[in-house]
file structure_2.txt (compact mmCIF, C-alpha atoms)
# COMPACT_ATOMS: atom_id res chain seq x y z
CA MET Z 1 16.14 -12.00 -7.84
CA PRO Z 2 16.32 -10.67 -4.25
CA GLU Z 3 13.68 -8.09 -3.50
CA ASN Z 4 15.46 -4.96 -2.28
CA ALA Z 5 15.64 -1.31 -3.22
CA LYS Z 6 18.83 -1.64 -5.30
CA THR Z 7 17.44 -4.54 -7.35
CA ILE Z 8 14.15 -2.76 -8.00
CA THR Z 9 15.92 0.46 -8.98
CA THR Z 10 18.16 -1.46 -11.39
CA PHE Z 11 15.09 -3.14 -12.83
CA ALA Z 12 13.44 0.26 -13.44
CA THR Z 13 16.38 1.90 -15.16
CA ALA Z 14 17.58 -1.08 -17.21
CA GLY Z 15 15.24 -0.44 -20.12
CA GLY Z 16 15.53 3.32 -20.41
CA PRO Z 17 13.75 5.43 -23.01
CA MET Z 18 14.50 3.16 -25.96
CA ALA Z 19 12.32 2.78 -29.03
CA VAL Z 20 9.24 0.64 -28.51
CA HIS Z 21 10.07 -1.52 -31.52
CA GLY Z 22 13.64 -2.27 -30.37
CA GLY Z 23 15.12 -4.70 -27.88
CA THR Z 24 13.89 -7.87 -26.28
CA SER Z 25 10.45 -8.38 -24.79
CA GLY Z 26 11.88 -7.76 -21.31
CA ASP Z 27 13.53 -4.56 -22.51
CA LEU Z 28 10.26 -3.38 -24.02
CA PHE Z 29 8.43 -4.03 -20.77
CA LYS Z 30 11.02 -2.03 -18.84
CA THR Z 31 10.72 0.75 -21.39
CA ALA Z 32 6.96 0.86 -20.80
CA VAL Z 33 7.57 1.00 -17.05
CA PHE Z 34 10.14 3.75 -17.53
CA MET Z 35 7.69 5.85 -19.55
CA VAL Z 36 4.86 5.39 -17.03
CA LEU Z 37 7.16 6.47 -14.19
CA GLN Z 38 8.04 9.64 -16.08
CA SER Z 39 4.35 10.56 -16.28
CA ILE Z 40 3.66 10.48 -12.53
CA GLY Z 41 4.87 12.42 -9.53
CA GLU Z 42 8.12 11.52 -7.83
CA SER Z 43 6.33 10.57 -4.60
CA SER Z 44 4.25 7.95 -6.46
CA ARG Z 45 7.05 6.33 -8.43
CA ARG Z 46 8.25 4.05 -5.65
CA VAL Z 47 4.88 2.34 -5.15
CA TYR Z 48 4.22 2.05 -8.90
CA LEU Z 49 7.68 0.60 -9.41
CA HIS Z 50 7.14 -1.96 -6.66
CA THR Z 51 3.93 -3.14 -8.38
CA TYR Z 52 5.65 -3.55 -11.74
CA TYR Z 53 8.52 -5.43 -10.14
CA GLN Z 54 5.97 -7.74 -8.49
CA TRP Z 55 4.37 -8.37 -11.89
CA TRP Z 56 7.81 -9.06 -13.41
CA THR Z 57 8.61 -11.69 -10.76
CA PHE Z 58 5.08 -13.14 -11.02
CA ALA Z 59 5.50 -13.50 -14.78
CA GLU Z 60 8.90 -15.17 -14.30
CA ARG Z 61 7.46 -17.72 -11.87
CA GLN Z 62 4.55 -18.48 -14.21
CA GLY Z 63 6.77 -18.72 -17.28
CA LEU Z 64 5.02 -15.74 -18.92
CA ASP Z 65 6.29 -13.01 -21.19
CA PRO Z 66 6.13 -9.82 -19.05
CA LEU Z 67 4.37 -8.10 -21.95
CA ASP Z 68 1.65 -10.77 -22.00
CA LEU Z 69 -0.66 -8.48 -20.03
CA SER Z 70 -3.84 -10.33 -20.84
CA TYR Z 71 -6.95 -9.87 -18.74
CA GLU Z 72 -6.70 -13.45 -17.44
CA HIS Z 73 -3.06 -13.12 -16.39
CA ILE Z 74 -3.60 -9.75 -14.73
CA LEU Z 75 -6.59 -11.17 -12.87
CA ALA Z 76 -4.49 -14.07 -11.59
CA PHE Z 77 -1.84 -11.59 -10.49
CA LEU Z 78 -4.34 -9.39 -8.65
CA GLN Z 79 -6.17 -12.24 -6.95
CA ARG Z 80 -3.17 -13.66 -5.14
CA ARG Z 81 -4.13 -14.46 -1.57
CA ASP Z 82 -0.98 -13.07 0.06
CA ILE Z 83 -1.76 -9.37 -0.52
CA ALA Z 84 -4.00 -7.00 1.41
CA HIS Z 85 -7.17 -5.52 -0.07
CA ALA Z 86 -5.70 -1.99 -0.18
CA THR Z 87 -2.61 -3.29 -1.97
CA ARG Z 88 -4.77 -5.09 -4.51
CA GLN Z 89 -6.68 -1.87 -5.22
CA SER Z 90 -3.41 -0.01 -5.81
CA TRP Z 91 -2.09 -2.73 -8.10
CA LYS Z 92 -5.24 -2.49 -10.23
CA THR Z 93 -4.64 1.23 -10.73
CA HIS Z 94 -0.97 0.73 -11.57
CA MET Z 95 -1.64 -2.05 -14.08
CA LEU Z 96 -4.36 0.02 -15.77
CA ARG Z 97 -1.86 2.88 -16.10
CA LEU Z 98 0.63 0.54 -17.77
CA LEU Z 99 -2.01 -0.81 -20.16
CA ASP Z 100 -3.04 2.76 -20.93
CA TRP Z 101 0.48 3.66 -22.05
CA LEU Z 102 0.85 0.45 -24.09
CA GLU Z 103 -2.50 1.12 -25.78
CA GLU Z 104 -1.19 4.48 -26.99
CA SER Z 105 2.06 2.95 -28.26
CA GLU Z 106 2.33 1.44 -31.71
CA ALA Z 107 2.99 -2.09 -30.41
CA LYS Z 108 -0.29 -4.06 -30.33
CA GLY Z 109 -2.14 -0.96 -29.13
CA ASP Z 110 -5.58 -2.34 -29.99
CA TRP Z 111 -4.92 -5.57 -28.10
CA TYR Z 112 -3.71 -3.76 -24.97
CA GLY Z 113 -6.69 -1.43 -25.19
CA LYS Z 114 -9.03 -4.43 -25.17
CA GLN Z 115 -7.30 -5.90 -22.08
CA ARG Z 116 -7.48 -2.53 -20.33
CA ARG Z 117 -11.22 -2.24 -20.97
CA ARG Z 118 -11.79 -5.77 -19.64
CA VAL Z 119 -9.82 -5.07 -16.46
CA LEU Z 120 -11.63 -1.76 -16.00
CA LYS Z 121 -15.00 -3.47 -16.39
CA PHE Z 122 -13.96 -6.08 -13.83
CA VAL Z 123 -12.96 -3.34 -11.36
CA LYS Z 124 -16.33 -1.60 -11.75
CA VAL Z 125 -18.27 -4.84 -11.28
CA LYS Z 126 -16.29 -5.72 -8.14
CA ARG Z 127 -16.91 -2.24 -6.73
CA MET Z 128 -20.65 -2.62 -7.28
CA GLU Z 129 -20.59 -6.04 -5.61
CA GLU Z 130 -18.74 -4.63 -2.60
CA GLU Z 131 -21.24 -1.79 -2.28
CA ARG Z 132 -24.18 -4.22 -2.44
CA GLY Z 133 -22.47 -6.43 0.09
CA GLY Z 134 -22.14 -3.63 2.59
CA SER Z 135 -18.56 -2.44 2.49
CA ARG Z 136 -17.09 -0.70 5.56
CA SER Z 137 -19.01 2.50 6.23
CA GLN Z 138 -17.41 5.90 5.99
CA ARG Z 139 -17.15 7.91 9.16
CA ALA Z 140 -16.00 11.18 10.64
CA LEU Z 141 -15.02 11.47 14.29
CA ASN Z 142 -16.86 13.82 16.60
CA TRP Z 143 -14.87 16.21 18.76
CA SER Z 144 -14.82 13.98 21.82
CA GLN Z 145 -13.43 11.08 19.75
CA VAL Z 146 -10.74 13.38 18.33
CA VAL Z 147 -9.67 14.29 21.87
CA ARG Z 148 -9.54 10.63 22.92
CA LEU Z 149 -7.47 9.75 19.85
CA LEU Z 150 -4.92 12.51 20.48
CA ASP Z 151 -4.69 11.63 24.18
CA VAL Z 152 -3.25 8.23 23.25
CA TRP Z 153 0.14 9.79 22.40
CA ALA Z 154 -0.11 13.26 23.98
CA ASP Z 155 2.05 12.45 27.03
CA ASP Z 156 4.35 9.84 25.50
CA PRO Z 157 7.91 11.24 25.80
CA ARG Z 158 9.52 8.59 23.56
CA PRO Z 159 10.56 9.58 20.03
CA VAL Z 160 7.91 7.24 18.57
CA GLY Z 161 5.24 8.85 20.76
CA ILE Z 162 6.32 12.37 19.78
CA ARG Z 163 6.22 11.39 16.11
CA ASN Z 164 2.82 9.70 16.33
CA TYR Z 165 1.25 12.58 18.22
CA ALA Z 166 2.49 15.15 15.70
CA LEU Z 167 1.34 13.00 12.79
CA LEU Z 168 -2.19 12.55 14.13
CA ARG Z 169 -2.54 16.25 14.87
CA LEU Z 170 -1.31 17.21 11.40
CA MET Z 171 -3.68 14.77 9.66
CA ILE Z 172 -6.67 15.97 11.68
CA TYR Z 173 -5.92 19.67 11.26
CA THR Z 174 -4.95 19.61 7.56
CA GLY Z 175 -6.95 16.73 6.04
CA LEU Z 176 -3.89 15.54 4.11
CA ARG Z 177 -4.01 12.17 2.41
CA ARG Z 178 -1.97 9.31 3.85
CA ALA Z 179 0.60 9.34 1.04
CA GLU Z 180 0.88 13.14 1.18
CA VAL Z 181 1.69 13.26 4.88
CA ALA Z 182 4.12 10.32 4.70
CA THR Z 183 6.41 12.13 2.25
CA LEU Z 184 6.45 15.59 3.84
CA ARG Z 185 9.81 17.24 4.45
CA TRP Z 186 10.71 19.94 6.93
CA ASP Z 187 11.04 22.57 4.23
CA ASP Z 188 7.37 21.93 3.36
CA ILE Z 189 6.24 23.43 6.70
CA SER Z 190 5.90 27.17 7.22
CA PHE Z 191 5.92 27.60 10.99
CA GLY Z 192 5.20 31.32 10.71
CA ASP Z 193 2.17 30.98 8.41
CA GLN Z 194 1.15 27.59 9.86
CA THR Z 195 0.78 26.08 6.40
CA VAL Z 196 1.95 22.91 4.66
CA THR Z 197 3.07 22.72 1.03
CA VAL Z 198 1.96 19.50 -0.67
CA ARG Z 199 4.32 19.23 -3.62
CA HIS Z 200 2.87 16.12 -5.24
CA GLY Z 201 -0.78 15.69 -4.33
CA LYS Z 202 -3.28 13.51 -6.16
CA GLY Z 203 -2.84 13.97 -9.90
CA ASP Z 204 0.64 15.36 -9.13
CA LYS Z 205 -0.93 18.70 -8.20
CA ARG Z 206 0.75 21.16 -5.86
CA ARG Z 207 -1.25 22.94 -3.17
CA ILE Z 208 -0.80 24.72 0.14
CA ALA Z 209 -2.92 23.49 3.06
CA ALA Z 210 -3.57 25.44 6.23
CA ILE Z 211 -2.95 23.92 9.65
CA ALA Z 212 -6.46 24.72 10.86
CA ASP Z 213 -5.68 24.62 14.59
CA LYS Z 214 -6.79 27.67 16.56
CA SER Z 215 -4.30 26.75 19.26
CA ASP Z 216 -0.57 26.39 18.69
CA ASP Z 217 -0.64 22.76 19.80
CA THR Z 218 -0.05 21.27 16.34
CA ILE Z 219 2.83 23.64 15.61
CA ASN Z 220 4.26 22.91 19.07
CA ALA Z 221 3.97 19.15 18.41
CA LEU Z 222 5.88 19.57 15.14
CA SER Z 223 8.51 21.69 16.87
CA ALA Z 224 8.95 19.01 19.53
CA LEU Z 225 9.38 16.39 16.80
CA ARG Z 226 11.99 18.48 14.99
CA GLU Z 227 13.86 18.93 18.27
CA ALA Z 228 13.72 15.17 18.96
CA GLN Z 229 15.28 14.53 15.55
CA ALA Z 230 18.09 17.00 16.33
CA GLY Z 231 18.45 17.98 12.68
CA ALA Z 232 19.22 14.42 11.57
CA CYS Z 233 16.16 13.97 9.33
CA ASP Z 234 14.99 15.76 6.19
CA CYS Z 235 11.57 14.10 6.28
CA ILE Z 236 9.10 15.09 8.99
CA PHE Z 237 7.84 11.59 9.71
CA PRO Z 238 10.77 9.22 9.24
CA ALA Z 239 10.73 5.47 9.55
CA MET Z 240 11.96 4.08 12.85
CA THR Z 241 14.09 1.11 13.78
CA VAL Z 242 12.46 -1.92 15.40
CA GLY Z 243 13.22 -2.80 19.00
CA ARG Z 244 12.82 -1.68 22.59
CA ASN Z 245 14.23 1.78 21.90
CA PRO Z 246 13.31 2.66 18.30
CA LYS Z 247 15.29 5.42 16.65
CA PHE Z 248 14.68 7.59 13.61
CA VAL Z 249 15.91 6.36 10.22
CA SER Z 250 17.16 9.64 8.83
CA ASP Z 251 17.10 8.92 5.10
CA ARG Z 252 13.72 7.19 4.73
CA PRO Z 253 10.15 8.42 5.35
CA MET Z 254 7.67 6.19 7.13
CA SER Z 255 5.58 4.09 4.77
CA ALA Z 256 1.89 4.55 4.12
CA GLN Z 257 1.35 1.05 5.54
CA THR Z 258 3.00 2.12 8.81
CA ILE Z 259 0.42 4.90 9.05
CA VAL Z 260 -2.34 2.29 8.62
CA ARG Z 261 -0.90 0.27 11.51
CA LEU Z 262 -0.51 3.40 13.63
CA LEU Z 263 -4.16 4.35 13.11
CA LYS Z 264 -5.28 0.84 13.98
CA LEU Z 265 -3.27 0.84 17.22
CA SER Z 266 -4.30 4.38 18.16
CA SER Z 267 -8.01 3.80 17.56
CA GLN Z 268 -7.91 0.57 19.57
CA ARG Z 269 -6.27 2.33 22.51
CA ALA Z 270 -8.73 5.20 22.24
CA GLY Z 271 -11.68 2.80 22.08
CA ILE Z 272 -13.26 4.45 19.05
CA GLY Z 273 -13.47 1.52 16.63
CA HIS Z 274 -11.91 1.08 13.20
CA LEU Z 275 -10.22 4.19 11.80
CA SER Z 276 -8.71 4.82 8.37
CA ALA Z 277 -6.59 7.69 7.09
CA HIS Z 278 -9.52 8.84 4.95
CA ASP Z 279 -11.70 8.90 8.08
CA LEU Z 280 -9.37 11.57 9.46
CA ARG Z 281 -9.67 13.44 6.16
CA ARG Z 282 -13.46 13.24 6.44
CA THR Z 283 -13.20 14.37 10.06
CA HIS Z 284 -11.24 17.46 9.04
CA ILE Z 285 -13.71 18.43 6.32
CA THR Z 286 -16.80 17.64 8.40
CA LEU Z 287 -15.68 19.56 11.49
CA ALA Z 288 -14.58 22.56 9.43
CA LEU Z 289 -17.83 22.77 7.43
CA ASP Z 290 -19.79 22.24 10.62
CA ARG Z 291 -18.12 25.33 12.09
CA GLY Z 292 -19.00 27.48 9.10
CA ALA Z 293 -15.93 27.16 6.87
CA PRO Z 294 -16.71 28.23 3.27
CA LEU Z 295 -17.01 25.32 0.86
CA GLN Z 296 -14.51 26.87 -1.57
CA ASP Z 297 -11.92 27.05 1.22
CA MET Z 298 -12.40 23.39 2.08
CA GLN Z 299 -12.23 22.44 -1.60
CA ALA Z 300 -8.83 24.15 -1.84
CA GLN Z 301 -7.73 22.64 1.47
CA ALA Z 302 -8.58 19.11 0.35
CA GLY Z 303 -7.20 19.53 -3.17
CA HIS Z 304 -10.45 18.61 -4.88
CA ALA Z 305 -11.10 19.67 -8.47
CA ASN Z 306 -14.85 19.82 -7.86
CA PRO Z 307 -16.66 21.19 -4.76
CA SER Z 308 -19.21 18.38 -5.01
CA THR Z 309 -16.39 15.94 -4.16
CA THR Z 310 -15.66 17.91 -1.00
CA LEU Z 311 -19.30 17.68 0.04
CA LEU Z 312 -19.20 13.91 -0.38
CA TYR Z 313 -16.58 13.80 2.39
CA ALA Z 314 -18.77 15.63 4.88
CA GLN Z 315 -20.59 13.26 7.22
CA PRO Z 316 -23.79 14.16 9.11
CA ALA Z 317 -23.52 14.52 12.86
CA ASP Z 318 -25.44 12.21 15.16
CA ALA Z 319 -28.94 13.32 16.16
CA LYS Z 320 -27.92 14.68 19.57
CA ASP Z 321 -25.25 16.99 18.13
CA ARG Z 322 -27.45 17.85 15.16
CA ARG Z 323 -30.25 19.05 17.43
CA THR Z 324 -28.07 21.76 19.01
CA ARG Z 325 -27.46 23.25 15.58
CA ILE Z 326 -30.82 22.97 13.88
CA ALA Z 327 -33.17 23.66 16.79
CA PHE Z 328 -35.28 26.82 16.37

call {"tool": "encode", "arguments": {"input": "structure_2.txt", "output": "C-alpha cells"}}
result
Amino acid sequence: MPENAKTITTFATAGGPMAVHGGTSGDLFKTAVFMVLQSIGESSRRVYLHTYYQWWTFAERQGLDPLDLSYEHILAFLQRRDIAHATRQSWKTHMLRLLDWLEESEAKGDWYGKQRRRVLKFVKVKRMEEERGGSRSQRALNWSQVVRLLDVWADDPRPVGIRNYALLRLMIYTGLRRAEVATLRWDDISFGDQTVTVRHGKGDKRRIAAIADKSDDTINALSALREAQAGACDCIFPAMTVGRNPKFVSDRPMSAQTIVRLLKLSSQRAGIGHLSAHDLRRTHITLALDRGAPLQDMQAQAGHANPSTTLLYAQPADAKDRRTRIAF
C-alpha cells in the first residue's frame, strides 16, 4: 500500500465503531485504532494514526496478524534501525495506548494486559539504562544565548526567515511544547491581550498562555508573519515548499520534526551547542522564575498539573550569574 495521507485516512476509518466480537481480525484491529483515536485530542490523532499504520504494514511484511501484539513482536517493531530515537519513544507510547484499550475490551483482555505490562517494564528498564549511561543533559539558555539564537533569523527578510524568527520568539516567550506550537492557528492568538490559546495541550487540556515579552517584539514578529502570508494560511506556522524560493503551504502546518531541524540549524548558526524544543521550554520557565515570577503562574503557563513538575524544569544558573543574585 502506498504511504500517503489518503491511504492512511482510509485505513483509519475502514473499521469504524463496530462490535469488538464482529468482523475479521483486520477489522477488529482497525476498530481498536478507531476507538483509541476517539479518546485523544484532534492534534494528536495524526501522529498516533501514522504509528498504527506503520505497525499494520510491519505486520503485513512479517506475515503477522495485526492483532498479534505480543511483547516480542512489538519489540521487533520498535527496534527497527531506520527510525529516530524520538520516533521510537513516541511509538512506544502509542502502542501502550492501543494495548491499554484492548486490555479493557472483552477480547483476550488478560493476554493484552500481560503484553502491556511487559512492554511497560521494558520501557522503564531502558530509561534507567539511558540515565546510567549518561543521556543528553537538560539545559536552559542564559540571556546572552537567547539573544544570539534570535539574531540568527532577526534580519532575514525571506518568508522562511520571518516564520522561523516568529516561531523561536513565541517558543521562548510562552514555553509552549513543540507539538502545541506546530498546530497553532491565527484565531488562537489574542494580539490585544498578548496571549495564546492552546486548545489541545498534553492530556488534551486547554489552557491560555501569556506571551511573556515586555517588549512588543514577539507580537510584531507574529504580525510580520501574518502579513507575509497575506491571509492565505489558517495555521500560524505552515509548512513550506522545498527549493530556492520556498513558499507557504496554506493548508498544512509545519511538522514537529521540521521544528527539530530548525532548532538544530539555528543553534549551530548561533554557536550555542545542541538545542531541543524542551530546552526552550526550560529556558522560559528558568528565566521567568529567576526574575521573580510566582510558581503558580509558571505552573499555569506550562500546563503542569503539579507545581513540583514546573520546578523540575528550572535549571540553576552558572556560578558567575548566580553570584550576582545570592551575594550579600

call {"tool": "closest_residue", "arguments": {"input": "structure_2.txt", "among": "Z:Leu312, Z:Ala256, Z:Val36, Z:Leu99", "to": "Arg117 in chain Z", "atoms": "all atoms listed in the file"}}
result
Z:Leu99

call {"tool": "atom_distance", "arguments": {"input": "structure_2.txt", "atom1": "CA of Val119 in chain Z", "atom2": "CA of Tyr53 in chain Z"}}
result
19.4 Å

call {"tool": "atom_distance", "arguments": {"input": "structure_2.txt", "atom1": "CA of Ser267 in chain Z", "atom2": "CA of Leu149 in chain Z"}}
result
6.4 Å

call {"tool": "atom_distance", "arguments": {"input": "structure_2.txt", "atom1": "CA of Glu103 in chain Z", "atom2": "CA of Thr31 in chain Z"}}
result
13.9 Å

call {"tool": "closest_residue", "arguments": {"input": "structure_2.txt", "among": "Z:Met95, Z:Ala140, Z:Leu28, Z:Ala305", "to": "Arg207 in chain Z", "atoms": "all atoms listed in the file"}}
result
Z:Ala305

call {"tool": "closest_residue", "arguments": {"input": "structure_2.txt", "among": "Z:Leu311, Z:Val260, Z:Ile83, Z:Ile162", "to": "Ala277 in chain Z", "atoms": "all atoms listed in the file"}}
result
Z:Val260

call {"tool": "residues_around", "arguments": {"input": "structure_2.txt", "residues": "range 174-184 of chain Z", "least_positions_apart": "6", "cutoff": "7 Å", "atoms": "all atoms listed in the file", "output": "JSON, numbers by chain"}}
result
{"Z": [198, 201, 209, 210, 211, 212, 235, 236, 237, 253, 254, 255, 256, 277, 278, 280, 281, 284, 285, 302]}

call {"tool": "closest_residue", "arguments": {"input": "structure_2.txt", "among": "Z:Asn306, Z:Ala84, Z:Gln145, Z:Gln89", "to": "Gln268 in chain Z", "atoms": "all atoms listed in the file"}}
result
Z:Gln145

call {"tool": "closest_residue", "arguments": {"input": "structure_2.txt", "among": "Z:Ile208, Z:Ile272, Z:Glu60, Z:Leu78", "to": "Val196 in chain Z", "atoms": "all atoms listed in the file"}}
result
Z:Ile208
